[in-house]
Amino acid sequence: MFGSLDISASALVAQRQRLTAISANLAMRPVAVDPNADPDLFRRRITIFSPGDPARGSDKGVHLKEILLDQSPFTKKWDPGHPYADADGYVQFPNVDPSIEMINAIEASRAYEANITAAEATKTMLQTSIRILA
């Protein structure tokens, strides 16, 4: 039974990390330069999960395997008055689509809720088992 709680807990951590990446993507969407005012743009982060828990040597649960940088082209917006506009008047912005990020956020939050429900059900079963045995 405690393994079931560990599985739900690992999924909660993984979905929290996914939501953190999504919120960073959305926060950096309107930024045309990096913090040093260089045109080194933010690239969308994509979380990749993998089964198991390598920290515990377990094959149960899930963990964040890596965070990839989306290599799709940057978004161009025509704004000739912008200080970072190119010769044609276009400004490059991070390759973040807010509708995709919101869909991913809803999916991650639903998965988080499902794992909370699974943990609650496991806790209830444990409590019932202890009450029966006592």
# chains A, B, ... in the order shown; residues from 1 in each chain; ligands from 1
call {"tool": "residues_around", "arguments": {"residues": "Leu12 of chain A", "least_positions_apart": "2", "cutoff": "12 Å", "atoms": "only C-alpha atoms", "output": "PyMOL selection string"}}
result
chain A and resi 5-10+14-19+61-64+108-119
call {"tool": "select_by_dssp", "arguments": {"residues": "segment 22-85 of chain A", "states": "strand (DSSP E or B)", "output": "list of chain:residue names"}}
result
A:Arg45, A:Ile46, A:Thr47, A:Ile48, A:Phe49, A:Ser50, A:Pro51, A:Gly52, A:Asp53, A:Ser58, A:Asp59, A:Lys60, A:Gly61, A:Val62, A:His63, A:Leu64, A:Lys65, A:Glu66, A:Ile67, A:Leu68, A:Leu69, A:Thr75, A:Lys76, A:Lys77, A:Trp78
call {"tool": "write_last_selection", "arguments": {"atoms": "C-alpha atoms", "output": "mmCIF file, in the first residue's frame"}}
result
data_model
loop_
_atom_site.group_PDB
_atom_site.id
_atom_site.type_symbol
_atom_site.label_atom_id
_atom_site.label_comp_id
_atom_site.auth_asym_id
_atom_site.auth_seq_id
_atom_site.Cartn_x
_atom_site.Cartn_y
_atom_site.Cartn_z
ATOM 1 C CA ARG A 45 10.627 24.221 -22.407
ATOM 2 C CA ILE A 46 9.159 20.739 -22.926
ATOM 3 C CA THR A 47 9.125 18.284 -20.014
ATOM 4 C CA ILE A 48 9.850 14.627 -20.690
ATOM 5 C CA PHE A 49 8.786 12.025 -18.124
ATOM 6 C CA SER A 50 10.180 8.559 -17.637
ATOM 7 C CA PRO A 51 8.904 5.616 -15.582
ATOM 8 C CA GLY A 52 10.476 4.714 -12.267
ATOM 9 C CA ASP A 53 12.381 6.572 -9.598
ATOM 10 C CA SER A 58 12.490 1.774 -8.032
ATOM 11 C CA ASP A 59 10.729 0.917 -11.269
ATOM 12 C CA LYS A 60 7.447 2.297 -9.896
ATOM 13 C CA GLY A 61 6.179 5.822 -10.306
ATOM 14 C CA VAL A 62 7.362 8.522 -12.679
ATOM 15 C CA HIS A 63 10.079 11.149 -12.732
ATOM 16 C CA LEU A 64 11.172 14.094 -14.834
ATOM 17 C CA LYS A 65 13.722 12.647 -17.246
ATOM 18 C CA GLU A 66 14.734 15.903 -18.920
ATOM 19 C CA ILE A 67 13.590 19.303 -20.063
ATOM 20 C CA LEU A 68 14.056 19.843 -23.783
ATOM 21 C CA LEU A 69 14.265 23.160 -25.596
ATOM 22 C CA THR A 75 7.650 34.012 -33.502
ATOM 23 C CA LYS A 76 8.041 37.129 -35.630
ATOM 24 C CA LYS A 77 5.962 40.231 -35.082
ATOM 25 C CA TRP A 78 6.050 43.267 -37.310
#
call {"tool": "select_by_dssp", "arguments": {"residues": "chain A", "states": "helix (DSSP H, G or I)", "output": "NGL selection string"}}
result
:A and (2-28 or 98-133)
call {"tool": "residues_around", "arguments": {"residues": "Pro94 of chain A", "least_positions_apart": "2", "cutoff": "6 Å", "atoms": "only C-alpha atoms", "output": "PDB file with all heavy atoms, in the first residue's frame"}}
result
ATOM      1  N   ARG A  29       6.998  34.572 -22.695  1.00  0.00           N
ATOM      2  CA  ARG A  29       6.448  34.763 -24.034  1.00  0.00           C
ATOM      3  C   ARG A  29       6.601  36.177 -24.579  1.00  0.00           C
ATOM      4  O   ARG A  29       6.987  36.352 -25.735  1.00  0.00           O
ATOM      5  CB  ARG A  29       4.979  34.340 -24.040  1.00  0.00           C
ATOM      6  CG  ARG A  29       4.344  34.439 -25.381  1.00  0.00           C
ATOM      7  CD  ARG A  29       2.896  33.955 -25.324  1.00  0.00           C
ATOM      8  NE  ARG A  29       2.179  34.529 -26.414  1.00  0.00           N
ATOM      9  CZ  ARG A  29       1.453  35.635 -26.345  1.00  0.00           C
ATOM     10  NH1 ARG A  29       1.305  36.267 -25.219  1.00  0.00           N
ATOM     11  NH2 ARG A  29       0.836  36.107 -27.409  1.00  0.00           N
ATOM     12  N   LEU A  41      17.147  34.682 -27.329  1.00  0.00           N
ATOM     13  CA  LEU A  41      15.769  34.479 -26.917  1.00  0.00           C
ATOM     14  C   LEU A  41      15.538  33.198 -26.141  1.00  0.00           C
ATOM     15  O   LEU A  41      16.239  32.202 -26.308  1.00  0.00           O
ATOM     16  CB  LEU A  41      14.852  34.474 -28.143  1.00  0.00           C
ATOM     17  CG  LEU A  41      14.652  35.818 -28.820  1.00  0.00           C
ATOM     18  CD1 LEU A  41      13.791  35.660 -30.060  1.00  0.00           C
ATOM     19  CD2 LEU A  41      14.018  36.801 -27.886  1.00  0.00           C
ATOM     20  N   PHE A  42      14.537  33.269 -25.300  1.00  0.00           N
ATOM     21  CA  PHE A  42      14.060  32.123 -24.532  1.00  0.00           C
ATOM     22  C   PHE A  42      13.431  31.121 -25.481  1.00  0.00           C
ATOM     23  O   PHE A  42      12.677  31.495 -26.371  1.00  0.00           O
ATOM     24  CB  PHE A  42      13.024  32.625 -23.515  1.00  0.00           C
ATOM     25  CG  PHE A  42      12.372  31.554 -22.695  1.00  0.00           C
ATOM     26  CD1 PHE A  42      12.966  31.107 -21.529  1.00  0.00           C
ATOM     27  CD2 PHE A  42      11.155  31.004 -23.066  1.00  0.00           C
ATOM     28  CE1 PHE A  42      12.368  30.129 -20.755  1.00  0.00           C
ATOM     29  CE2 PHE A  42      10.549  30.030 -22.302  1.00  0.00           C
ATOM     30  CZ  PHE A  42      11.166  29.587 -21.134  1.00  0.00           C
ATOM     31  N   ARG A  43      13.734  29.854 -25.299  1.00  0.00           N
ATOM     32  CA  ARG A  43      13.078  28.792 -26.066  1.00  0.00           C
ATOM     33  C   ARG A  43      12.106  28.057 -25.158  1.00  0.00           C
ATOM     34  O   ARG A  43      12.383  27.854 -23.985  1.00  0.00           O
ATOM     35  CB  ARG A  43      14.098  27.801 -26.623  1.00  0.00           C
ATOM     36  CG  ARG A  43      14.881  28.375 -27.780  1.00  0.00           C
ATOM     37  CD  ARG A  43      15.501  27.267 -28.620  1.00  0.00           C
ATOM     38  NE  ARG A  43      16.109  27.818 -29.798  1.00  0.00           N
ATOM     39  CZ  ARG A  43      15.483  27.999 -30.959  1.00  0.00           C
ATOM     40  NH1 ARG A  43      14.223  27.654 -31.088  1.00  0.00           N
ATOM     41  NH2 ARG A  43      16.111  28.513 -31.991  1.00  0.00           N
ATOM     42  N   PHE A  74      11.374  30.947 -33.939  1.00  0.00           N
ATOM     43  CA  PHE A  74      10.818  31.987 -33.081  1.00  0.00           C
ATOM     44  C   PHE A  74       9.642  32.658 -33.775  1.00  0.00           C
ATOM     45  O   PHE A  74       9.517  32.626 -34.995  1.00  0.00           O
ATOM     46  CB  PHE A  74      11.880  33.036 -32.742  1.00  0.00           C
ATOM     47  CG  PHE A  74      12.971  32.512 -31.863  1.00  0.00           C
ATOM     48  CD1 PHE A  74      14.284  32.498 -32.293  1.00  0.00           C
ATOM     49  CD2 PHE A  74      12.695  32.039 -30.589  1.00  0.00           C
ATOM     50  CE1 PHE A  74      15.292  32.021 -31.476  1.00  0.00           C
ATOM     51  CE2 PHE A  74      13.696  31.556 -29.761  1.00  0.00           C
ATOM     52  CZ  PHE A  74      15.002  31.551 -30.210  1.00  0.00           C
ATOM     53  N   VAL A  96       6.633  30.431 -28.085  1.00  0.00           N
ATOM     54  CA  VAL A  96       5.629  29.958 -27.128  1.00  0.00           C
ATOM     55  C   VAL A  96       4.241  30.315 -27.651  1.00  0.00           C
ATOM     56  O   VAL A  96       3.961  31.480 -27.936  1.00  0.00           O
ATOM     57  CB  VAL A  96       5.850  30.593 -25.736  1.00  0.00           C
ATOM     58  CG1 VAL A  96       4.757  30.177 -24.779  1.00  0.00           C
ATOM     59  CG2 VAL A  96       7.219  30.218 -25.195  1.00  0.00           C
TER      60      VAL A  96
END
call {"tool": "closest_residue", "arguments": {"among": "A:Gln92, A:Thr122, A:Ser99, A:Ser4", "to": "Asn25 of chain A", "atoms": "only C-alpha atoms"}}
result
A:Ser99
call {"tool": "atom_distance", "arguments": {"atom1": "atom CA of Asp70 of chain A", "atom2": "atom CA of Tyr90 of chain A"}}
result
21.0 Å
call {"tool": "closest_residue", "arguments": {"among": "A:Val13, A:Pro39, A:Ala55, A:Arg44", "to": "Glu101 of chain A", "atoms": "only C-alpha atoms"}}
result
A:Arg44
call {"tool": "atom_distance", "arguments": {"atom1": "atom CA of Val31 of chain A", "atom2": "atom CA of Pro73 of chain A"}}
result
15.3 Å
